[in-house]
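Peer 1: Sharing structure09.txt, compact mmCIF, C-alpha atoms:
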```
# COMPACT_ATOMS: atom_id res chain seq x y z
CA MET A 238 99.62 -1.17 28.13
CA GLY A 239 98.71 2.22 29.49
CA GLN A 240 96.76 4.66 27.40
CA PHE A 241 98.00 8.13 26.52
CA SER A 242 95.81 11.05 27.50
CA ARG A 243 93.92 12.66 24.65
CA GLU A 244 93.69 15.96 26.48
CA PRO A 245 95.03 18.84 24.36
CA PHE A 246 98.46 20.17 25.31
CA VAL A 247 98.20 23.47 27.16
CA PRO A 248 101.49 25.35 27.46
CA MET A 249 102.39 26.61 30.92
CA GLU A 250 101.66 30.30 31.29
CA VAL A 251 104.77 32.40 31.84
CA VAL A 252 104.23 35.54 33.89
CA PRO A 253 105.54 38.51 31.91
CA SER A 254 108.41 40.42 33.48
CA HIS A 255 107.29 44.04 33.30
CA ASN A 256 109.61 46.93 34.03
CA ALA A 257 108.66 49.99 36.06
CA ASP A 258 107.11 51.67 33.00
CA VAL A 259 103.94 49.65 33.65
CA ILE A 260 103.46 51.56 36.94
CA LEU A 261 104.91 55.01 36.32
CA ALA A 262 106.84 56.85 33.64
CA ARG A 263 110.40 57.96 34.17
CA GLN A 264 110.84 61.72 34.52
CA THR A 265 114.27 63.27 34.11
CA GLY A 266 115.69 66.72 34.62
CA ARG A 267 113.25 67.77 37.34
CA THR A 268 114.20 69.86 40.35
CA PRO A 269 113.42 68.01 43.62
CA LEU A 270 110.03 69.02 44.96
CA ALA A 271 111.33 69.50 48.51
CA ARG A 272 114.61 69.85 50.38
CA GLN A 273 113.70 66.95 52.66
CA THR A 274 116.15 64.06 52.54
CA VAL A 275 114.56 60.67 51.85
CA ILE A 276 116.20 57.25 52.16
CA VAL A 277 114.94 54.36 50.03
CA ILE A 278 115.97 50.74 50.64
CA GLY A 279 115.38 47.59 48.59
CA SER A 280 115.95 43.99 49.66
CA SER A 281 114.81 40.42 49.07
CA THR A 282 116.27 37.04 50.11
CA GLY A 283 118.04 37.55 53.45
CA GLY A 284 116.61 41.04 53.67
CA THR A 285 114.52 40.56 56.79
CA GLU A 286 117.63 39.98 58.90
CA ALA A 287 119.64 42.60 56.99
CA LEU A 288 116.96 45.19 57.65
CA ARG A 289 116.93 44.30 61.33
CA VAL A 290 120.69 44.83 61.54
CA LEU A 291 120.61 48.07 59.58
CA LEU A 292 117.52 49.75 60.99
CA SER A 293 118.18 48.84 64.63
CA ALA A 294 121.56 50.60 64.38
CA LEU A 295 120.04 53.92 63.25
CA PRO A 296 119.10 56.78 65.59
CA ALA A 297 115.57 58.16 65.87
CA THR A 298 116.73 61.40 64.23
CA MET A 299 116.91 59.93 60.71
CA PRO A 300 114.87 61.33 57.81
CA PRO A 301 111.96 59.28 56.43
CA ILE A 302 112.94 55.82 55.18
CA LEU A 303 110.91 53.85 52.62
CA VAL A 304 111.57 50.11 52.34
CA THR A 305 110.56 47.57 49.73
CA GLN A 306 111.24 44.04 50.92
CA HIS A 307 109.95 41.16 48.79
CA MET A 308 107.51 39.52 51.19
CA PRO A 309 103.96 38.09 51.05
CA GLU A 310 101.23 40.42 52.24
CA LEU A 311 100.33 38.28 55.25
CA PHE A 312 103.73 38.97 56.80
CA THR A 313 104.60 42.62 56.17
CA LYS A 314 102.49 44.08 58.97
CA SER A 315 103.90 41.74 61.61
CA PHE A 316 107.41 42.24 60.21
CA ALA A 317 107.05 46.00 60.59
CA ALA A 318 105.74 45.57 64.13
CA ARG A 319 108.71 43.38 65.05
CA LEU A 320 111.18 45.92 63.69
CA ASP A 321 109.35 48.69 65.52
CA SER A 322 109.93 46.86 68.81
CA LEU A 323 113.68 46.62 68.10
CA CYS A 324 114.42 50.06 66.66
CA GLN A 325 114.72 53.62 67.93
CA LEU A 326 112.93 54.61 64.73
CA GLN A 327 109.18 54.13 64.39
CA VAL A 328 108.60 51.31 61.90
CA LYS A 329 105.20 50.71 60.32
CA GLU A 330 103.55 49.11 57.33
CA ALA A 331 102.99 51.90 54.82
CA GLU A 332 99.49 53.17 54.14
CA ASP A 333 98.36 55.16 51.13
CA GLY A 334 98.72 58.93 51.37
CA GLU A 335 100.79 59.25 54.55
CA ARG A 336 102.80 62.46 54.85
CA LEU A 337 106.43 61.42 55.35
CA GLN A 338 107.69 62.04 58.86
CA ALA A 339 111.27 62.11 60.10
CA GLY A 340 112.18 59.22 62.36
CA THR A 341 109.76 56.87 60.61
CA VAL A 342 110.32 53.79 58.43
CA TYR A 343 107.58 52.84 55.96
CA ILE A 344 107.55 49.16 54.93
CA ALA A 345 105.83 48.34 51.63
CA PRO A 346 102.80 46.10 52.21
CA GLY A 347 103.04 42.77 50.44
CA HIS A 348 100.03 43.50 48.23
CA SER A 349 101.14 46.83 46.71
CA HIS A 350 104.01 48.74 45.19
CA LEU A 351 105.25 51.55 47.45
CA LEU A 352 105.96 54.90 45.79
CA LEU A 353 107.03 58.36 46.80
CA LYS A 354 104.59 61.08 45.75
CA SER A 355 104.28 64.80 46.28
CA ALA A 356 102.22 65.93 49.27
CA ALA A 357 99.50 68.56 49.09
CA THR A 358 101.96 71.14 50.44
CA ILE A 359 105.76 71.13 50.32
CA GLY A 360 107.03 67.64 51.12
CA TYR A 361 106.40 64.03 50.23
CA ALA A 362 103.87 61.33 50.98
CA THR A 363 103.50 57.59 50.41
CA ALA A 364 101.45 56.08 47.60
CA LEU A 365 100.37 52.46 47.16
CA HIS A 366 99.76 50.98 43.72
CA GLN A 367 98.25 47.56 43.05
CA GLY A 368 99.35 47.41 39.43
CA PRO A 369 101.08 44.42 37.82
CA PRO A 370 104.26 42.94 39.30
CA VAL A 371 107.51 44.52 38.11
CA ASN A 372 110.44 42.14 37.63
CA ARG A 373 107.81 39.60 38.76
CA HIS A 374 107.56 41.29 42.17
CA ARG A 375 104.89 43.33 43.88
CA PRO A 376 106.09 45.28 45.74
CA SER A 377 109.00 46.07 43.44
CA VAL A 378 112.22 47.86 44.36
CA ASP A 379 112.49 49.35 40.87
CA VAL A 380 109.12 51.07 41.31
CA LEU A 381 110.12 52.61 44.66
CA PHE A 382 113.50 53.72 43.33
CA ARG A 383 112.05 55.24 40.16
CA SER A 384 109.47 57.21 42.11
CA ALA A 385 112.22 58.56 44.36
CA ALA A 386 114.43 59.40 41.38
CA ASN A 387 111.53 61.25 39.74
CA LEU A 388 110.69 63.39 42.78
CA ALA A 389 113.55 63.52 45.30
CA GLY A 390 116.56 63.21 42.99
CA LYS A 391 119.71 64.61 44.60
CA ASN A 392 118.00 64.70 48.00
CA CYS A 393 117.65 60.91 48.05
CA ILE A 394 119.94 58.19 49.37
CA GLY A 395 119.45 54.72 47.89
CA VAL A 396 120.46 51.43 49.48
CA ILE A 397 120.27 47.98 47.90
CA LEU A 398 120.66 44.97 50.15
CA THR A 399 120.89 41.20 49.81
CA GLY A 400 118.47 39.54 47.42
CA MET A 401 118.01 37.25 44.46
CA GLY A 402 117.45 38.59 40.96
CA ARG A 403 117.81 42.06 39.49
CA ASP A 404 114.91 44.05 40.94
CA GLY A 405 116.22 47.47 41.98
CA ALA A 406 119.30 47.57 39.75
CA GLN A 407 117.77 49.73 37.02
CA GLY A 408 115.97 51.87 39.58
CA MET A 409 119.23 52.51 41.41
CA LEU A 410 120.86 53.60 38.17
CA GLU A 411 117.99 56.04 37.66
CA LEU A 412 118.54 57.34 41.20
CA LYS A 413 122.21 57.93 40.45
CA GLU A 414 121.43 59.71 37.20
CA ALA A 415 118.98 61.93 39.13
CA GLY A 416 121.74 62.92 41.57
CA ALA A 417 121.05 60.55 44.46
CA TYR A 418 123.82 58.89 46.48
CA ASN A 419 123.74 55.09 46.45
CA ILE A 420 125.12 52.29 48.60
CA ALA A 421 125.23 48.58 47.70
CA GLN A 422 125.77 45.82 50.24
CA ASP A 423 128.98 43.88 49.66
CA GLU A 424 129.10 40.24 48.57
CA ALA A 425 130.64 38.89 51.78
CA SER A 426 127.76 40.07 53.98
CA CYS A 427 124.93 39.16 51.58
CA VAL A 428 122.88 35.99 51.93
CA VAL A 429 122.37 36.18 48.15
CA PHE A 430 124.57 38.55 46.15
CA GLY A 431 122.06 39.02 43.35
CA MET A 432 120.37 42.41 43.49
CA PRO A 433 123.50 44.27 44.68
CA LYS A 434 125.60 42.49 42.06
CA GLU A 435 123.24 43.58 39.28
CA ALA A 436 123.24 47.16 40.57
CA ILE A 437 127.03 47.17 40.73
CA ALA A 438 127.22 45.77 37.18
CA LEU A 439 125.33 48.89 36.02
CA LYS A 440 127.76 51.08 38.02
CA SER A 441 124.79 52.54 39.87
CA GLN A 442 126.43 52.60 43.30
CA HIS A 443 128.81 55.13 44.83
CA GLU A 444 129.98 52.80 47.58
CA ILE A 445 130.00 49.08 48.32
CA LEU A 446 129.86 48.43 52.06
CA PRO A 447 129.46 45.50 54.45
CA LEU A 448 126.05 45.42 56.09
CA THR A 449 127.35 46.48 59.51
CA ALA A 450 128.95 49.64 58.07
CA ILE A 451 125.89 50.98 56.25
CA ALA A 452 124.09 52.52 59.24
CA SER A 453 126.98 54.74 60.32
CA ARG A 454 127.55 55.80 56.72
CA LEU A 455 123.90 56.79 56.39
CA VAL A 456 124.14 58.91 59.54
CA THR A 457 127.14 60.73 58.06
CA LEU A 458 125.47 61.25 54.67
CA VAL A 459 122.32 62.61 56.30
CA ALA A 460 124.34 65.05 58.43
CA GLN A 461 126.05 66.32 55.29
CA ARG A 462 122.64 67.04 53.78
CA GLN A 463 121.23 69.09 56.63
CA PRO A 464 120.30 72.55 55.35
CA THR A 465 122.50 75.32 56.65
CA VAL A 466 120.94 78.29 58.39
```
Let's see the structure in the file written out as structure tokens.
Peer 2:
Amino acid sequence: MGQFSREPFVPMEVVPSHNADVILARQTGRTPLARQTVIVIGSSTGGTEALRVLLSALPATMPPILVTQHMPELFTKSFAARLDSLCQLQVKEAEDGERLQAGTVYIAPGHSHLLLKSAATIGYATALHQGPPVNRHRPSVDVLFRSAANLAGKNCIGVILTGMGRDGAQGMLELKEAGAYNIAQDEASCVVFGMPKEAIALKSQHEILPLTAIASRLVTLVAQRQPTV
């Protein structure tokens, strides 16, 4: 007969699921720090292809776009480079402290949360934060969306694309409550209708659109936000 191990039982460690509070506090009722429009996008499973479809359909005249895609750090730089070769927009892996430029897409590196922060003068910049995972993800969509809600508010447009889980749903609600305009990808065009479904359940979106319709809608929304002379 076999012998049972006398090793003590060690329970499997469960990674805690932090919310965005572990990275930055929510701030409500603030006036946007700048008039600059900012677009923030969150995605996960199926997101690499969805981002290709969306970003390659946008003109070079778009405002700054910040993207959090759940992806290991070894792949984000090459992913950004591939998108850059396919898009009219410049696409790059985000670095810490970059002043946001129109016509540029900033992809969160796989090792850090990507946040919007105020620049030294009027405008916005990127910030990277290597704090704990949020919703078990780093980078986390909720962190990006909260930072944009805190600073850009009504001057922000939020987009949540295909992905598993709920990361981004609460952040999108915070964007809406701050005055941002939000779009969720529809179920039919999602690889996994998880993150958009959770955002829709919170009524955080203004529109639900198929993937191929989001680019043209963003162009229209941006044009509506151009300051009048």
Peer 1: Looking at all atoms listed in the file, which of A:Gln264, A:Ser315, A:Asn256, A:Ser281 is the one that sits closest to Leu412 in chain A?
Peer 2: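 Ranking A:Gln264, A:Ser315, A:Asn256, A:Ser281 by distance to Leu412 in chain A, first place goes to A:Gln264.
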Peer 1: Give the answer as one residue: which of A:Pro369, A:Gly284, A:Pro433, A:Gly266 has the shortest atom-to-atom distance to Gly395 in chain A, using only C-alpha atoms?
Peer 2: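 Result for the nearest residue to Gly395 in chain A: A:Pro433.
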Peer 1: Please report the interatomic distance between CA of Gln273 in chain A and CA of Asp258 in chain A in Å with one decimal.
Peer 2: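 That distance, rounded to one decimal, is 25.8 Å.
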Peer 1: So, counting only C-alpha atoms, which residue among A:Ala318, A:Thr282, A:Arg289, A:Val277 is closest to Leu352 in chain A?
Peer 2: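 The answer is A:Val277, which sits nearest to Leu352 in chain A.
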Peer 1: Can you work out which one of A:Gln407, A:Thr285, A:Ser377, A:Gln338 has the shortest atom-to-atom distance to Phe316 in chain A, counting only C-alpha atoms?
Peer 2: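 The closest residue to Phe316 in chain A is A:Thr285.
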Peer 1: Quick one: residues within 6 Å of Glu310 in chain A, all atoms listed in the file counted, chain neighbours fewer than 5 positions away excluded, as a list of chain:residue names?
Peer 2: A:Pro346, A:Gly347, A:His348
Peer 1: Grab the CA of Glu330 in chain A to CA of Lys354 in chain A distance for me, in Å with one decimal place.
Peer 2: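 Separation between CA of Glu330 in chain A and CA of Lys354 in chain A: 16.7 Å.
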Peer 1: With distances taken over only C-alpha atoms, which residue among A:Leu303, A:Leu261, A:Leu295, A:Leu448 lies nearest Ala345 in chain A?
Peer 2: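 Checking each of A:Leu303, A:Leu261, A:Leu295, A:Leu448 against Ala345 in chain A, counting only C-alpha atoms, the winner is A:Leu303.
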Peer 1: For CA of Gly283 in chain A and CA of Asp423 in chain A, quote the distance in Å rounded to one decimal.
Peer 2: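 Result for CA of Gly283 in chain A versus CA of Asp423 in chain A: 13.2 Å, one decimal.
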Peer 1: Considering all atoms listed in the file, state which residue in the set A:Cys427, A:Val275, A:Val396, A:Ala331 is at the smallest distance from Ala452 in chain A.
Peer 2: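 So, comparing all the options, the nearest one is A:Val396.
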Peer 1: Using all atoms listed in the file, determine which residues lie at most 12 Å from Gln461 in chain A, disregarding the query and same-chain residues fewer than 3 positions distant; provide the list as a ChimeraX atom specification.
Peer 2: /A:274,392,394,418,454-458,464-465
Peer 1: Which neighbours of Lys440 in chain A fall inside 12 Å, counting all atoms listed in the file, when residues of the same chain fewer than 6 positions from it are skipped, and could you give them as a short mmCIF file (atom, residue, chain, number, x, y, z; two decimals) with C-alpha atoms, in the frame of the given file?
Peer 2:
```cif
data_model
loop_
_atom_site.label_atom_id
_atom_site.label_comp_id
_atom_site.auth_asym_id
_atom_site.auth_seq_id
_atom_site.Cartn_x
_atom_site.Cartn_y
_atom_site.Cartn_z
CA ALA A 406 119.30 47.57 39.75
CA GLN A 407 117.77 49.73 37.02
CA GLY A 408 115.97 51.87 39.58
CA MET A 409 119.23 52.51 41.41
CA LEU A 410 120.86 53.60 38.17
CA GLU A 411 117.99 56.04 37.66
CA LEU A 412 118.54 57.34 41.20
CA LYS A 413 122.21 57.93 40.45
CA GLU A 414 121.43 59.71 37.20
CA ASN A 419 123.74 55.09 46.45
CA ILE A 420 125.12 52.29 48.60
CA ALA A 421 125.23 48.58 47.70
CA PRO A 433 123.50 44.27 44.68
CA LYS A 434 125.60 42.49 42.06
#
```
Peer 1: If you take every atom of range 281-292 of chain A that the file lists and fit an axis-aligned box around them with 6 Å extra on each side, what centre and edge lengths come out in Å to one decimal, as lines of an AutoDock Vina configuration file?
Peer 2:
```
center_x = 117.6
center_y = 43.4
center_z = 55.3
size_x = 18.2
size_y = 24.7
size_z = 24.5
```
Peer 1: Tell me, as a list in words, which residues lie within 7 Å of Ala297 in chain A, counting only C-alpha atoms; anything in the same chain fewer than 3 positions away does not count.
Peer 2: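 Answer for this query is Gln325, Leu326 and Gly340 of chain A.
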